[in-house]
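Engineer: Structure file input-v9.cif, mmCIF, C-alpha atoms and all ligand atoms, is pasted below:
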data_final
loop_
_atom_site.label_atom_id
_atom_site.label_comp_id
_atom_site.auth_asym_id
_atom_site.auth_seq_id
_atom_site.Cartn_x
_atom_site.Cartn_y
_atom_site.Cartn_z
CA MET A 1 -5.63 -18.85 1.64
CA THR A 2 -8.52 -17.53 -0.42
CA TYR A 3 -8.90 -14.28 -2.28
CA GLU A 4 -11.37 -12.88 -4.75
CA PHE A 5 -10.05 -12.16 -8.25
CA ARG A 6 -11.79 -9.43 -10.28
CA ASP A 7 -11.01 -9.22 -13.97
CA TYR A 8 -11.95 -5.86 -15.57
CA PRO A 9 -12.45 -5.06 -19.27
CA ASP A 10 -9.96 -2.15 -19.01
CA ARG A 11 -7.90 -0.06 -16.60
CA GLU A 12 -10.33 2.86 -16.60
CA MET A 13 -13.22 0.70 -15.43
CA LEU A 14 -11.02 -0.88 -12.82
CA ALA A 15 -9.96 2.52 -11.48
CA MET A 16 -13.57 3.76 -11.27
CA ASP A 17 -14.88 0.64 -9.60
CA LEU A 18 -12.01 0.22 -7.16
CA ALA A 19 -12.02 3.89 -6.12
CA ASN A 20 -15.78 3.71 -5.50
CA GLN A 21 -15.35 0.57 -3.42
CA ILE A 22 -12.62 2.11 -1.30
CA ALA A 23 -14.67 5.26 -0.81
CA GLY A 24 -17.65 3.13 0.29
CA GLU A 25 -15.49 1.20 2.74
CA LEU A 26 -14.10 4.41 4.22
CA ARG A 27 -17.62 5.83 4.58
CA ALA A 28 -18.75 2.65 6.31
CA ALA A 29 -15.75 2.73 8.67
CA LEU A 30 -16.46 6.38 9.53
CA GLY A 31 -20.03 5.36 10.36
CA HIS A 32 -18.82 3.57 13.48
CA GLU A 33 -15.34 5.00 14.19
CA GLU A 34 -14.15 8.54 14.81
CA ARG A 35 -11.32 8.15 12.27
CA ALA A 36 -10.37 5.68 9.53
CA ALA A 37 -6.90 4.91 8.14
CA LEU A 38 -6.26 4.25 4.46
CA ALA A 39 -2.87 2.89 3.31
CA VAL A 40 -2.00 3.06 -0.38
CA PRO A 41 0.94 1.99 -2.54
CA GLY A 42 3.23 4.05 -4.69
CA GLY A 43 4.82 2.94 -7.94
CA THR A 44 3.29 3.12 -11.40
CA SER A 45 -0.09 1.43 -10.91
CA PRO A 46 -2.30 3.37 -8.46
CA GLY A 47 -2.37 6.82 -10.13
CA PRO A 48 -5.65 6.26 -12.05
CA VAL A 49 -7.36 5.03 -8.86
CA PHE A 50 -6.15 8.12 -6.99
CA ASP A 51 -7.51 10.34 -9.79
CA VAL A 52 -11.03 9.09 -9.01
CA LEU A 53 -10.71 8.55 -5.27
CA CYS A 54 -9.50 12.11 -4.56
CA ALA A 55 -12.95 13.44 -5.54
CA ALA A 56 -14.97 10.97 -3.45
CA ASP A 57 -17.67 12.50 -1.32
CA LEU A 58 -16.80 11.48 2.24
CA ASP A 59 -15.57 13.16 5.39
CA TRP A 60 -11.88 13.19 4.46
CA SER A 61 -11.08 15.32 7.53
CA ARG A 62 -11.53 12.11 9.57
CA VAL A 63 -9.33 9.99 7.29
CA ASP A 64 -5.63 9.26 7.91
CA VAL A 65 -3.78 8.53 4.68
CA LEU A 66 -0.43 6.79 4.62
CA LEU A 67 1.73 4.86 2.21
CA THR A 68 2.24 1.11 2.42
CA ASP A 69 5.93 1.83 1.83
CA GLU A 70 8.32 4.53 0.72
CA ARG A 71 11.58 4.78 -1.14
CA TRP A 72 14.13 6.64 0.97
CA VAL A 73 14.44 9.61 -1.39
CA PRO A 74 13.39 13.25 -0.91
CA GLU A 75 9.90 14.27 -1.92
CA SER A 76 11.29 16.17 -4.91
CA SER A 77 12.51 12.90 -6.49
CA GLU A 78 10.52 11.27 -9.31
CA ARG A 79 11.02 8.03 -7.33
CA SER A 80 9.18 9.41 -4.29
CA ASN A 81 5.88 7.68 -3.56
CA THR A 82 4.95 10.71 -1.44
CA LYS A 83 5.27 12.94 -4.51
CA LEU A 84 2.75 10.76 -6.35
CA LEU A 85 0.37 10.91 -3.40
CA ARG A 86 0.58 14.68 -3.08
CA GLU A 87 0.00 15.18 -6.79
CA ARG A 88 -2.80 12.67 -7.37
CA LEU A 89 -4.51 11.66 -4.12
CA LEU A 90 -4.15 14.43 -1.54
CA ILE A 91 -5.96 16.94 -3.75
CA GLU A 92 -9.59 17.99 -4.33
CA ARG A 93 -11.82 16.66 -1.51
CA ALA A 94 -9.08 14.34 -0.26
CA ALA A 95 -6.86 17.34 0.50
CA ALA A 96 -8.73 17.49 3.83
CA ALA A 97 -7.28 14.12 4.91
CA ARG A 98 -4.48 13.91 7.46
CA TYR A 99 -1.31 12.60 5.86
CA LEU A 100 0.97 10.40 7.98
CA PRO A 101 4.40 10.40 6.31
CA LEU A 102 6.74 7.44 5.91
CA TYR A 103 9.67 9.70 5.09
CA ALA A 104 11.67 12.30 7.00
CA GLU A 105 14.80 14.19 6.06
CA ALA A 106 17.36 11.81 7.48
CA ALA A 107 20.23 9.99 5.85
CA ARG A 108 18.84 6.52 6.57
CA PRO A 109 15.36 5.18 7.39
CA GLU A 110 16.75 3.84 10.67
CA ASP A 111 17.36 7.42 11.83
CA ALA A 112 13.67 8.37 11.58
CA MET A 113 11.98 5.07 12.41
CA GLU A 114 10.97 5.82 15.98
CA ASP A 115 9.22 9.13 15.24
CA LEU A 116 7.48 7.83 12.11
CA CYS A 117 6.20 4.78 14.03
CA ALA A 118 4.94 6.89 16.91
CA ALA A 119 2.82 8.97 14.52
CA ILE A 120 1.31 5.92 12.80
CA GLU A 121 0.54 3.70 15.77
CA PRO A 122 -2.57 5.58 17.01
CA ALA A 123 -4.12 5.33 13.51
CA LEU A 124 -4.02 1.51 13.46
CA PRO A 125 -5.56 -0.87 12.57
CA LEU A 126 -5.93 0.17 8.95
CA ALA A 127 -9.55 0.44 7.84
CA VAL A 128 -8.58 -0.11 4.20
CA VAL A 129 -5.35 -1.06 2.47
CA LEU A 130 -4.65 -0.87 -1.23
CA LEU A 131 -1.52 -2.78 -2.20
CA GLY A 132 0.50 -3.07 -5.36
CA MET A 133 2.62 -6.03 -6.40
CA GLY A 134 5.79 -6.26 -8.47
CA ALA A 135 6.43 -9.00 -11.03
CA ASP A 136 8.89 -10.44 -8.48
CA MET A 137 5.90 -10.91 -6.11
CA HIS A 138 6.99 -8.20 -3.67
CA THR A 139 4.30 -6.13 -2.08
CA ALA A 140 4.79 -2.80 -0.29
CA SER A 141 8.62 -2.95 0.13
CA ILE A 142 8.66 -6.55 1.33
CA PHE A 143 10.89 -8.05 -1.34
CA PRO A 144 12.08 -11.62 -1.84
CA GLY A 145 15.72 -11.73 -0.73
CA ALA A 146 15.45 -8.49 1.31
CA ASP A 147 17.69 -8.04 4.35
CA ARG A 148 14.78 -7.72 6.82
CA LEU A 149 12.37 -10.09 5.06
CA GLN A 150 11.91 -12.50 7.99
CA ASP A 151 11.41 -9.61 10.42
CA ALA A 152 8.78 -8.05 8.15
CA LEU A 153 6.88 -11.34 7.88
CA ALA A 154 7.02 -12.25 11.59
CA ASP A 155 3.81 -12.46 13.63
CA ASP A 156 5.29 -9.99 16.12
CA ALA A 157 6.82 -7.69 13.49
CA PRO A 158 7.18 -3.99 14.32
CA ILE A 159 4.87 -1.52 12.59
CA LEU A 160 7.58 -0.25 10.25
CA LEU A 161 10.87 -1.63 9.05
CA PRO A 162 13.77 -0.33 7.01
CA MET A 163 14.37 -2.59 4.02
CA ARG A 164 17.15 -3.12 1.51
CA ALA A 165 16.89 -5.62 -1.31
CA PRO A 166 18.64 -6.57 -4.53
CA GLY A 167 15.40 -5.74 -6.41
CA ALA A 168 15.09 -2.26 -4.86
CA ARG A 169 17.10 0.64 -6.23
CA GLU A 170 17.23 2.59 -2.96
CA PRO A 171 16.73 1.87 0.75
CA ARG A 172 13.08 1.52 1.63
CA ILE A 173 10.76 1.77 4.59
CA THR A 174 7.72 -0.47 4.74
CA LEU A 175 4.73 -1.34 6.87
CA SER A 176 5.16 -4.92 8.09
CA ALA A 177 3.04 -7.80 6.76
CA ARG A 178 1.29 -7.98 10.15
CA VAL A 179 0.05 -4.38 9.86
CA LEU A 180 -0.90 -4.69 6.18
CA ASP A 181 -2.68 -8.00 6.67
CA GLY A 182 -4.49 -6.61 9.72
CA ALA A 183 -6.44 -4.14 7.60
CA LEU A 184 -10.20 -4.60 7.77
CA LYS A 185 -10.48 -4.42 3.96
CA LYS A 186 -7.66 -5.44 1.65
CA HIS A 187 -7.28 -4.75 -2.07
CA VAL A 188 -4.43 -5.67 -4.40
CA LEU A 189 -4.10 -3.80 -7.69
CA ILE A 190 -2.24 -5.38 -10.61
CA PHE A 191 -2.07 -4.60 -14.32
CA GLY A 192 -0.83 -6.73 -17.20
CA GLN A 193 -0.30 -10.39 -17.99
CA GLU A 194 3.15 -10.58 -16.39
CA LYS A 195 1.76 -9.71 -12.95
CA ARG A 196 -1.26 -12.00 -13.40
CA ASP A 197 1.15 -14.86 -14.15
CA ALA A 198 3.26 -13.88 -11.13
CA LEU A 199 0.20 -13.98 -8.88
CA GLU A 200 -0.66 -17.45 -10.14
CA LYS A 201 2.94 -18.55 -9.63
CA ALA A 202 2.72 -17.31 -6.02
CA GLN A 203 0.07 -19.94 -5.24
CA GLY A 204 1.46 -22.56 -2.89
CA VAL A 205 4.78 -20.75 -2.51
CA THR A 206 6.00 -19.55 0.90
CA PRO A 207 5.86 -15.80 1.70
CA ASP A 208 9.70 -15.80 1.71
CA GLU A 209 9.62 -16.42 -2.03
CA ALA A 210 6.32 -14.64 -2.70
CA PRO A 211 5.82 -11.94 -0.01
CA VAL A 212 2.44 -11.01 -1.51
CA ASN A 213 1.09 -14.27 -0.05
CA ALA A 214 1.38 -12.77 3.42
CA VAL A 215 -1.45 -10.31 2.68
CA LEU A 216 -3.67 -12.15 0.19
CA ASP A 217 -6.01 -14.04 2.49
CA GLU A 218 -9.52 -12.58 2.15
CA ALA A 219 -8.21 -9.82 -0.09
CA THR A 220 -9.73 -8.73 -3.38
CA VAL A 221 -7.35 -8.70 -6.32
CA HIS A 222 -8.23 -6.23 -9.08
CA TRP A 223 -6.74 -6.95 -12.51
CA ALA A 224 -6.92 -5.45 -15.99
CA GLU A 225 -4.71 -5.94 -19.02
O1 LIG B 301 8.39 -0.01 -5.52
C1 LIG B 301 7.22 -0.21 -5.40
O2 LIG B 301 6.65 -1.19 -6.14
C2 LIG B 301 5.34 -1.71 -5.91
C3 LIG B 301 4.78 -2.10 -7.27
O3 LIG B 301 4.84 -0.96 -8.10
P1 LIG B 301 4.39 -0.93 -9.62
O4 LIG B 301 5.11 0.24 -10.24
O5 LIG B 301 4.82 -2.24 -10.25
O6 LIG B 301 2.90 -0.76 -9.61
C4 LIG B 301 4.45 -0.70 -5.18
O7 LIG B 301 3.27 -1.34 -4.77
C5 LIG B 301 5.20 -0.10 -4.01
O8 LIG B 301 4.37 0.76 -3.26
C6 LIG B 301 6.37 0.66 -4.54
O9 LIG B 301 7.13 1.29 -3.52
#
Can you dump the structure from the file as C-alpha cells?
Structural biologist:
Amino acid sequence: MTYEFRDYPDREMLAMDLANQIAGELRAALGHEERAALAVPGGTSPGPVFDVLCAADLDWSRVDVLLTDERWVPESSERSNTKLLRERLLIERAAAARYLPLYAEAARPEDAMEDLCAAIEPALPLAVVLLGMGADMHTASIFPGADRLQDALADDAPILLPMRAPGAREPRITLSARVLDGALKKHVLIFGQEKRDALEKAQGVTPDEAPVNAVLDEATVHWAE
C-alpha cells in the first residue's frame, strides 16, 4: 500500500490547496463525463476546505455531492454532518450541486437503507472522495470494533451500511470501503500530531484494527499541525 503524504505549513494553506485540487479533479472529470460525484466527510476537520471549495468555478449543476457517512440524527442536530454540509459546502456556486442524502426521517438507518442506496447507485463510481480519520483510525463511519465492520470491509460489500460502534455516540450510516476505495481520486484530511501518529501506527496493521488502511492505497494524505 502506498500513499502520498503532504505536510503543509498551516491549516489555511492546506484548505486552499486541497480545495483547489478537488475543484481541478472535478473539472477534469466533467470534461469526459456528464456528471461527477464528490463524497466528503463530516466531523470537525473539513469545514475550512468547504469554505474555499464552495466558491470554486466549475459546473456544479453536474456534480452530485454526498457524505462519506452520517450520524443518525436529524439535520437540526449539531452532530449532523448534513448540517455542516448545508452551511459550509452547499452554498455560493456549489449550491447548484445535486445533494444525495445519507439521512432520512426514520427511527433507524435500516429503515431507510433501500431508498438511500437506490438514489446513490447511479452516481457511482465516485469521481473524488475526501475522507477524514479519527485518532482511533476509523474513517467514514467504519470504526474498529463496529458491529458491521467485516461487512463494510468485504470485497462484495453493499454500497451503504448501518453501523454501531463503541466509539460512535449514535447509530451511523456509512459508504462501504469498496465504494470509498473505488473513487478515482482519494484524499484523506488530518490535522494535529495525534492523528499523524495514528496514521503511522496504522502502517502494517490490518483494516480490522485500522479501517483507514482500506482506503489509503494511492490516496493523498493532507496534514497540518
Ligand atoms: O464522526 C466522524 O468522524 C470522522 C473524523 O472526524 P473529525 O472530527 O476527527 O475530523 C469524520 O471523517 C466522519 O465523517 C464523521 O462522521
Engineer: As a ChimeraX atom specification, please: the residues near Arg11 of chain A (cut-off 10 Å, all atoms listed in the file, same-chain neighbours under 5 positions excluded).
Structural biologist: /A:16-17,45,48-49,190-192,222-225
Engineer: How close does each residue of chain A get to ligand LIG 301 (chain B), giving the shortest atom pair and distance in Å to one decimal for every residue with an atom at most 8 Å away, counting only C-alpha atoms and all ligand atoms, sorted by chain and residue number, as JSON lines?
Structural biologist:
{"residue": "A:Val40", "atom": "CA", "partner": "B:LIG301", "partner_atom": "O8", "distance": 7.4}
{"residue": "A:Pro41", "atom": "CA", "partner": "B:LIG301", "partner_atom": "O8", "distance": 3.7}
{"residue": "A:Gly42", "atom": "CA", "partner": "B:LIG301", "partner_atom": "O8", "distance": 3.8}
{"residue": "A:Gly43", "atom": "CA", "partner": "B:LIG301", "partner_atom": "O4", "distance": 3.6}
{"residue": "A:Thr44", "atom": "CA", "partner": "B:LIG301", "partner_atom": "O4", "distance": 3.6}
{"residue": "A:Ser45", "atom": "CA", "partner": "B:LIG301", "partner_atom": "O6", "distance": 3.9}
{"residue": "A:Pro46", "atom": "CA", "partner": "B:LIG301", "partner_atom": "O6", "distance": 6.7}
{"residue": "A:Leu67", "atom": "CA", "partner": "B:LIG301", "partner_atom": "O8", "distance": 7.3}
{"residue": "A:Thr68", "atom": "CA", "partner": "B:LIG301", "partner_atom": "O8", "distance": 6.1}
{"residue": "A:Asp69", "atom": "CA", "partner": "B:LIG301", "partner_atom": "O8", "distance": 5.4}
{"residue": "A:Glu70", "atom": "CA", "partner": "B:LIG301", "partner_atom": "O9", "distance": 5.5}
{"residue": "A:Arg71", "atom": "CA", "partner": "B:LIG301", "partner_atom": "O9", "distance": 6.1}
{"residue": "A:Asn81", "atom": "CA", "partner": "B:LIG301", "partner_atom": "O9", "distance": 6.5}
{"residue": "A:Leu131", "atom": "CA", "partner": "B:LIG301", "partner_atom": "O7", "distance": 5.6}
{"residue": "A:Gly132", "atom": "CA", "partner": "B:LIG301", "partner_atom": "O7", "distance": 3.3}
{"residue": "A:Met133", "atom": "CA", "partner": "B:LIG301", "partner_atom": "C3", "distance": 4.6}
{"residue": "A:Gly134", "atom": "CA", "partner": "B:LIG301", "partner_atom": "C3", "distance": 4.4}
{"residue": "A:Ala135", "atom": "CA", "partner": "B:LIG301", "partner_atom": "O5", "distance": 7.0}
{"residue": "A:His138", "atom": "CA", "partner": "B:LIG301", "partner_atom": "C2", "distance": 7.1}
{"residue": "A:Thr139", "atom": "CA", "partner": "B:LIG301", "partner_atom": "O7", "distance": 5.6}
{"residue": "A:Ala140", "atom": "CA", "partner": "B:LIG301", "partner_atom": "C5", "distance": 4.6}
{"residue": "A:Ser141", "atom": "CA", "partner": "B:LIG301", "partner_atom": "O9", "distance": 5.8}
{"residue": "A:Ala168", "atom": "CA", "partner": "B:LIG301", "partner_atom": "O1", "distance": 7.1}
{"residue": "A:Arg172", "atom": "CA", "partner": "B:LIG301", "partner_atom": "O9", "distance": 7.9}
{"residue": "A:Leu189", "atom": "CA", "partner": "B:LIG301", "partner_atom": "O6", "distance": 7.9}
{"residue": "A:Ile190", "atom": "CA", "partner": "B:LIG301", "partner_atom": "O6", "distance": 7.0}
{"residue": "A:Phe191", "atom": "CA", "partner": "B:LIG301", "partner_atom": "O6", "distance": 7.9}
Engineer: Can you write out the residues you just picked, keeping C-alpha atoms, as a compact mmCIF listing (two decimals), in the coordinates of the input?
Structural biologist:
# COMPACT_ATOMS: atom_id res chain seq x y z
CA VAL A 40 -2.00 3.06 -0.38
CA PRO A 41 0.94 1.99 -2.54
CA GLY A 42 3.23 4.05 -4.69
CA GLY A 43 4.82 2.94 -7.94
CA THR A 44 3.29 3.12 -11.40
CA SER A 45 -0.09 1.43 -10.91
CA PRO A 46 -2.30 3.37 -8.46
CA LEU A 67 1.73 4.86 2.21
CA THR A 68 2.24 1.11 2.42
CA ASP A 69 5.93 1.83 1.83
CA GLU A 70 8.32 4.53 0.72
CA ARG A 71 11.58 4.78 -1.14
CA ASN A 81 5.88 7.68 -3.56
CA LEU A 131 -1.52 -2.78 -2.20
CA GLY A 132 0.50 -3.07 -5.36
CA MET A 133 2.62 -6.03 -6.40
CA GLY A 134 5.79 -6.26 -8.47
CA ALA A 135 6.43 -9.00 -11.03
CA HIS A 138 6.99 -8.20 -3.67
CA THR A 139 4.30 -6.13 -2.08
CA ALA A 140 4.79 -2.80 -0.29
CA SER A 141 8.62 -2.95 0.13
CA ALA A 168 15.09 -2.26 -4.86
CA ARG A 172 13.08 1.52 1.63
CA LEU A 189 -4.10 -3.80 -7.69
CA ILE A 190 -2.24 -5.38 -10.61
CA PHE A 191 -2.07 -4.60 -14.32
Engineer: Which residue out of A:Gly182, A:Gly204, A:Pro101, A:Pro171 has the minimum interatomic distance to Cys117 of chain A when all atoms listed in the file are used?
Structural biologist: A:Pro101
Engineer: Between A:Val221, A:Gly145, A:Pro162, A:Val179, which has the minimum distance to Asp208 of chain A (counting all atoms listed in the file)?
Structural biologist: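 Result for the nearest residue to Asp208 of chain A: A:Gly145.
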Engineer: Which neighbours of Met1 of chain A fall inside 10 Å, counting all atoms listed in the file, when residues of the same chain fewer than 5 positions from it are skipped, and could you give them as an MDAnalysis selection string?
Structural biologist: chainID A and resid 203:204 213:219
Engineer: Quick one: distance from atom CA of Glu87 of chain A to atom CA of Leu14 of chain A in Å, one decimal?
Structural biologist: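 Distance reported for this atom pair: 20.4 Å.
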Engineer: In the coordinate frame of the file, compute which residues have an atom within 6 Å of (-8.2, 0.5, 11.2) when using all atoms listed in the file, and state them as a ChimeraX atom specification.
Structural biologist: /A:36-37,124-127
Engineer: Compile the contact shell of Glu92 of chain A as an NGL selection string: residues with an atom at most 9 Å away, counting only C-alpha atoms, same-chain residues fewer than 6 positions apart removed.
Structural biologist: :A and (54-56)
Engineer: Do a neighbour search on Tyr103 of chain A at 9 Å with only C-alpha atoms, toss out local chain neighbours closer than 4 positions, and write the hits as a ChimeraX atom specification.
Structural biologist: /A:70-75,82,109,112-113,116,173
Engineer: Report as a PyMOL selection string all protein, DNA and RNA residues lying within 9 Å of Ile120 of chain A, evaluated on all atoms listed in the file, omitting residues in the same chain fewer than 5 positions from it.
Structural biologist: chain A and resi 66+100-102+115+159
Engineer: Pick from A:Ala119, A:Met137, A:Leu89, A:Leu26: nearest to Asp197 of chain A, with only C-alpha atoms counted?
Structural biologist: A:Met137
Engineer: Could you check how far atom CA of Asp147 of chain A sits from atom CA of Ala202 of chain A, in Å to one decimal?
Structural biologist: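 Atom CA of Ala202 of chain A lies 20.4 Å from atom CA of Asp147 of chain A.
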Engineer: To one decimal place in Å, what is the distance between atom CA of Arg86 of chain A and atom CA of Ala177 of chain A?
Structural biologist: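 Going from atom CA of Arg86 of chain A over to atom CA of Ala177 of chain A, I get 24.7 Å.
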Engineer: Smallest atom-to-atom distance to Leu199 of chain A: which of A:Met13, A:Ala165, A:Ala123, A:Val212, using only C-alpha atoms?
Structural biologist: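 Closest candidate: A:Val212.
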Engineer: Name the closest residue to Asp156 of chain A among the candidates A:Arg178, A:Ala96, A:Ala39, A:Phe143; distances are taken between atoms, counting only C-alpha atoms.
Structural biologist: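 Looking only at the distances to Asp156 of chain A, the closest residue turns out to be A:Arg178.
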Engineer: Point out the residue among A:Glu4, A:Glu12, A:Glu200, A:Glu209 with the least atom-to-atom distance to Asp51 of chain A, counting only C-alpha atoms.
Structural biologist: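 Using only C-alpha atoms, Asp51 of chain A sits closest to A:Glu12.
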